[in-house]
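The block underneath contains the structure these notes are about, expressed in structure tokens.
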Amino acid sequence: MIARPALVALLGLAMAPAAVAAAPSEETWLVSAVSAPRRVSFVGTKEVVFWSDRGAEASTVEMAHRAPGAVRLEYRPTVGRHRRLVIDDGRQRWQYEPATRLVLVAVSSGEDDEALSAGRFRLLLNNYAATVAGRDSVAGRPAVVLTVRPRAGRRPWLRLWLDEATALILRSEHYHADGRLSEMATFTRIDFREPEPGLFLFTPPAGVTVRHVRPTAAATLADLPERVGFVPGAPQRLPEGFILDRVRLGGTAALPVAVLQYTDGLAALTLFQRRADSGARHTLPSGRLVRVGAGEATLGSRGSASVLHWQNGGVVLTLLGELSSEDLTAIATAIGVEPPPGRLARLGSWMTLLWHRLAAIFAR
């Protein structure tokens, strides 16, 4: 959630619509866009498209938002996608999957789902520059087109269409560090009115399975070794502008995962680390082998992000980020990547795996 001093400062900077029109500086528009969800309520229909190595995936979402933090998202069924309902009242989040009769309950996602974060706004300004690129119309409303590009290096960047009256983002295009369009979201209908309070109430239907999702636990770099059973690697050098944002403990009690999250205000880097299973070699389900220093890693993708997966000293590491493969491999090299196993080691791993599988079969 947004720290109160940061939120108050942003709301103070964000001008009223008439004032914004009188002084449409790039920073003013960006400040107003960041604060808009905290002050503007609406209902509407949004089209969302994601691009990845597997192709495009489109969704139509019926959306209701009650400022400052209540959201209702109803995803229409499409080819290969069932209906889904997500309700977040600012404290708790429900995700209902009618096709599987499953309800997932978690704490509110807060700012985690927002493209621009008020809490990281100053970091964003340090690393990205906003430019007014013209005027347009979205869902029948006049809009200012704003680009948000990195000041240095190959990073993701945004093109935003901001409602002239409220500065709410009516359309957004998210570009990967390599220039590919990775995500597009646009309102096809929007009405700036207060939604009915009942839209943000949810009672699980009879007969459904309700599963409570445990959030990852907060941690510190100092206490991680004791909690995961090894000393997690941390990159000594990051791309310019990135800072350590959060340290988390994920996984299970039997196989804990150290999670280090970095950000430059817009782009995100997440490093997952866990102990390797005895003797097994871990690779991504899909991807290609790449040389990293004297070692070997698997490079793939997950949505708009690149994924690098490798092992080092009995630890399995996965680096997920919206940066170039060169940036990811440079970070992995700094942490350490072990050489690929020799033939005898690979044969031993396969024999160990076969033994465990046979033992499991005969134990039934």
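Just remember, in the structure tokens the first chain shown is A, the second B, etc., residues are 1-based per chain, and ligands are 1-based in the order shown.
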
For region 192-209 of chain A: contacts at 10 Å, only C-alpha atoms, fewer than 3 positions along chain excluded, given as a PyMOL selection string: chain A and resi 40-44+63-67+70-73+85-90+93-98+100-104+166+212

Mind checking which residues fall within 6 Å of region 142-145 of chain A, counting only C-alpha atoms, ignoring those fewer than 6 positions away in the same chain, and posting them as a ChimeraX atom specification? /A:132-136,160-164

For region 325-331 of chain A: contacts at 8 Å, only C-alpha atoms, fewer than 4 positions along chain excluded, given as a list of chain:residue names: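 After dropping sequence-adjacent residues, the list is A:Pro235, A:Arg237, A:Leu238, A:Pro239, A:Val292, A:Leu299, A:Ser306, A:Leu308, A:Leu319, A:Gly321, A:Ile335.
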
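Distances here use only C-alpha atoms; by that measure, the residue among A:Leu125, A:Ile190, A:Arg151, A:Val231 closest to Leu168 (chain A) is A:Ile190.
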
If you run DSSP on the backbone, which residues of region 73-172 of chain A are strand (DSSP E or B), as a PyMOL selection string? chain A and resi 73-75+78+81+84-88+92-97+102-107+128-138+141-150+157-163+169-172

Keeping C-alpha atoms for every residue in the selection just given, could you write it to a file as a PDB file, in the first residue's frame?
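New file out_3.pdb:
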```pdb
ATOM      1  CA  LEU A  73     -13.225  -7.234 -12.710  1.00  0.00           C
ATOM      2  CA  GLU A  74     -15.441  -9.657 -14.610  1.00  0.00           C
ATOM      3  CA  TYR A  75     -13.680 -11.433 -17.492  1.00  0.00           C
ATOM      4  CA  THR A  78     -13.539 -16.382 -24.788  1.00  0.00           C
ATOM      5  CA  ARG A  81     -10.651 -18.835 -21.399  1.00  0.00           C
ATOM      6  CA  ARG A  84     -13.594 -15.188 -14.094  1.00  0.00           C
ATOM      7  CA  LEU A  85     -14.664 -12.762 -11.385  1.00  0.00           C
ATOM      8  CA  VAL A  86     -12.196 -10.778  -9.264  1.00  0.00           C
ATOM      9  CA  ILE A  87     -13.338  -8.487  -6.441  1.00  0.00           C
ATOM     10  CA  ASP A  88     -10.895  -6.474  -4.341  1.00  0.00           C
ATOM     11  CA  GLN A  92      -9.412  -8.628   0.775  1.00  0.00           C
ATOM     12  CA  ARG A  93      -9.365 -10.093  -2.722  1.00  0.00           C
ATOM     13  CA  TRP A  94     -11.653 -12.845  -4.057  1.00  0.00           C
ATOM     14  CA  GLN A  95     -11.048 -14.662  -7.346  1.00  0.00           C
ATOM     15  CA  TYR A  96     -13.939 -16.874  -8.447  1.00  0.00           C
ATOM     16  CA  GLU A  97     -13.486 -19.499 -11.197  1.00  0.00           C
ATOM     17  CA  LEU A 102     -13.006 -22.594  -7.032  1.00  0.00           C
ATOM     18  CA  VAL A 103     -12.683 -19.404  -4.959  1.00  0.00           C
ATOM     19  CA  LEU A 104      -9.239 -18.056  -4.082  1.00  0.00           C
ATOM     20  CA  VAL A 105      -9.112 -15.648  -1.134  1.00  0.00           C
ATOM     21  CA  ALA A 106      -6.081 -13.421  -0.532  1.00  0.00           C
ATOM     22  CA  VAL A 107      -5.158 -10.088   0.964  1.00  0.00           C
ATOM     23  CA  TYR A 128      12.311   7.709 -16.915  1.00  0.00           C
ATOM     24  CA  ALA A 129      11.293  10.832 -18.815  1.00  0.00           C
ATOM     25  CA  ALA A 130       7.710  11.679 -19.797  1.00  0.00           C
ATOM     26  CA  THR A 131       6.853  13.466 -23.041  1.00  0.00           C
ATOM     27  CA  VAL A 132       3.497  14.750 -24.311  1.00  0.00           C
ATOM     28  CA  ALA A 133       3.181  13.200 -27.777  1.00  0.00           C
ATOM     29  CA  GLY A 134      -0.130  14.728 -28.896  1.00  0.00           C
ATOM     30  CA  ARG A 135      -3.891  14.456 -28.523  1.00  0.00           C
ATOM     31  CA  ASP A 136      -6.295  11.626 -29.370  1.00  0.00           C
ATOM     32  CA  SER A 137      -9.701  10.199 -28.460  1.00  0.00           C
ATOM     33  CA  VAL A 138     -10.430   6.977 -26.521  1.00  0.00           C
ATOM     34  CA  ARG A 141     -13.299  11.037 -24.617  1.00  0.00           C
ATOM     35  CA  PRO A 142     -10.493  13.535 -25.432  1.00  0.00           C
ATOM     36  CA  ALA A 143      -7.118  12.207 -24.325  1.00  0.00           C
ATOM     37  CA  VAL A 144      -3.533  13.409 -23.955  1.00  0.00           C
ATOM     38  CA  VAL A 145      -0.931  10.958 -25.301  1.00  0.00           C
ATOM     39  CA  LEU A 146       2.079  10.592 -23.008  1.00  0.00           C
ATOM     40  CA  THR A 147       5.221   8.496 -23.565  1.00  0.00           C
ATOM     41  CA  VAL A 148       7.345   7.336 -20.623  1.00  0.00           C
ATOM     42  CA  ARG A 149      10.806   6.290 -21.819  1.00  0.00           C
ATOM     43  CA  PRO A 150      13.994   5.249 -19.966  1.00  0.00           C
ATOM     44  CA  TRP A 157       8.604   1.902 -21.822  1.00  0.00           C
ATOM     45  CA  LEU A 158       4.988   3.063 -21.909  1.00  0.00           C
ATOM     46  CA  ARG A 159       2.632   4.964 -24.174  1.00  0.00           C
ATOM     47  CA  LEU A 160      -0.364   6.272 -22.228  1.00  0.00           C
ATOM     48  CA  TRP A 161      -3.616   7.937 -23.248  1.00  0.00           C
ATOM     49  CA  LEU A 162      -4.819  10.101 -20.332  1.00  0.00           C
ATOM     50  CA  ASP A 163      -8.348  11.407 -19.991  1.00  0.00           C
ATOM     51  CA  ILE A 169      -5.348   6.131 -18.072  1.00  0.00           C
ATOM     52  CA  LEU A 170      -7.855   5.293 -20.827  1.00  0.00           C
ATOM     53  CA  ARG A 171      -5.425   3.299 -22.944  1.00  0.00           C
ATOM     54  CA  SER A 172      -1.938   1.955 -22.301  1.00  0.00           C
TER      55      SER A 172
END
```

Separation of CA of Arg155 (chain A) and CA of Ala234 (chain A), in Å?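 So the two atoms, CA of Arg155 (chain A) and CA of Ala234 (chain A), lie 20.9 Å apart.
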
Exercise: Arg248 (chain A) partners within 12 Å, only C-alpha atoms, chain neighbours under 6 positions left out, as a list in words: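 The residues that qualify are Pro215, Thr216, Ala217, Ala218, Ala219, Thr220, Leu221, Ala222, Asp223, Leu224, Arg227, Val228, Pro232, Pro256, Val257, Ala258, Val259, Leu260, Gln261, Tyr262, Thr270, Leu271, Phe272 and Gln273 of chain A.
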
Same residues, C-alpha atoms, saved as a compact mmCIF listing (two decimals), in the first residue's frame:
```
# COMPACT_ATOMS: atom_id res chain seq x y z
CA PRO A 215 0.96 -14.31 1.07
CA THR A 216 4.71 -14.52 0.88
CA ALA A 217 6.23 -13.55 4.22
CA ALA A 218 8.34 -10.42 4.58
CA ALA A 219 12.00 -11.07 5.36
CA THR A 220 15.38 -9.36 5.45
CA LEU A 221 18.67 -10.22 3.78
CA ALA A 222 20.14 -10.85 7.24
CA ASP A 223 17.60 -13.50 8.29
CA LEU A 224 17.15 -15.25 4.93
CA ARG A 227 15.06 -19.35 7.03
CA VAL A 228 15.97 -21.02 3.71
CA PRO A 232 21.16 -16.66 -1.13
CA PRO A 256 11.47 -22.49 1.19
CA VAL A 257 12.21 -19.98 -1.56
CA ALA A 258 14.14 -16.73 -1.12
CA VAL A 259 12.56 -13.94 -3.20
CA LEU A 260 14.46 -10.71 -3.90
CA GLN A 261 12.51 -8.02 -5.78
CA TYR A 262 14.23 -5.06 -7.48
CA THR A 270 12.65 -10.76 -9.30
CA LEU A 271 15.22 -13.35 -8.21
CA PHE A 272 13.92 -16.68 -6.85
CA GLN A 273 16.31 -19.09 -5.10
```

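Here CA of Thr298 (chain A) stands at a distance of 20.4 Å from CA of Gly55 (chain A).
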
Those in region 59-125 of chain A with alpha helix (DSSP H) from DSSP, as JSON, numbers by chain: {"A": [121, 122, 123, 124, 125]}

Write out, as a short mmCIF file (atom, residue, chain, number, x, y, z; two decimals), in the first residue's frame, the residues just selected, with N, CA and C atoms.
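Output saved as again.cif:
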```cif
data_model
loop_
_atom_site.label_atom_id
_atom_site.label_comp_id
_atom_site.auth_asym_id
_atom_site.auth_seq_id
_atom_site.Cartn_x
_atom_site.Cartn_y
_atom_site.Cartn_z
N PHE A 121 7.14 6.66 -7.22
CA PHE A 121 7.05 7.70 -8.24
C PHE A 121 8.37 8.46 -8.42
N ARG A 122 9.03 8.84 -7.32
CA ARG A 122 10.28 9.59 -7.43
C ARG A 122 11.36 8.75 -8.10
N LEU A 123 11.39 7.46 -7.81
CA LEU A 123 12.33 6.57 -8.48
C LEU A 123 12.04 6.51 -9.97
N LEU A 124 10.75 6.48 -10.31
CA LEU A 124 10.34 6.50 -11.72
C LEU A 124 10.86 7.75 -12.42
N LEU A 125 10.69 8.91 -11.79
CA LEU A 125 11.14 10.16 -12.40
C LEU A 125 12.66 10.20 -12.57
#
```

For Ala177 (chain A), which of A:Pro156, A:Pro225, A:Gly295, A:Pro37 is the closest residue, counting only C-alpha atoms? A:Pro156

Compare A:Leu269, A:Ala276, A:Val31, A:Val48 by their minimum atom-to-atom distance to Val307 (chain A), counting only C-alpha atoms, and give me the closest one. A:Leu269

Which residue of A:Ala99, A:Ala185, A:Leu266, A:Ala139 approaches Arg83 (chain A) most closely, using only C-alpha atoms: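 Closest to Arg83 (chain A) of all the choices is A:Ala99.
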
Quick one: residues within 6 Å of region 45-47 of chain A, only C-alpha atoms counted, chain neighbours fewer than 6 positions away excluded, as number ranges by chain? A: 59-63, 185-189

Looking at A:Trp51, A:Gln311, A:Ser25, A:Pro77, which one is nearest to Arg180 (chain A), with distances taken over only C-alpha atoms? A:Trp51

Between CA of Ser301 (chain A) and CA of Val315 (chain A) lies a distance of 20.9 Å

Let me make sure I understand: among A:Ala152, A:Leu181, A:Ala33, A:Ala167, which one has the smallest atom-to-atom distance to Gly303 (chain A) if we use only C-alpha atoms?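 Selected residue with least distance to Gly303 (chain A): A:Leu181.
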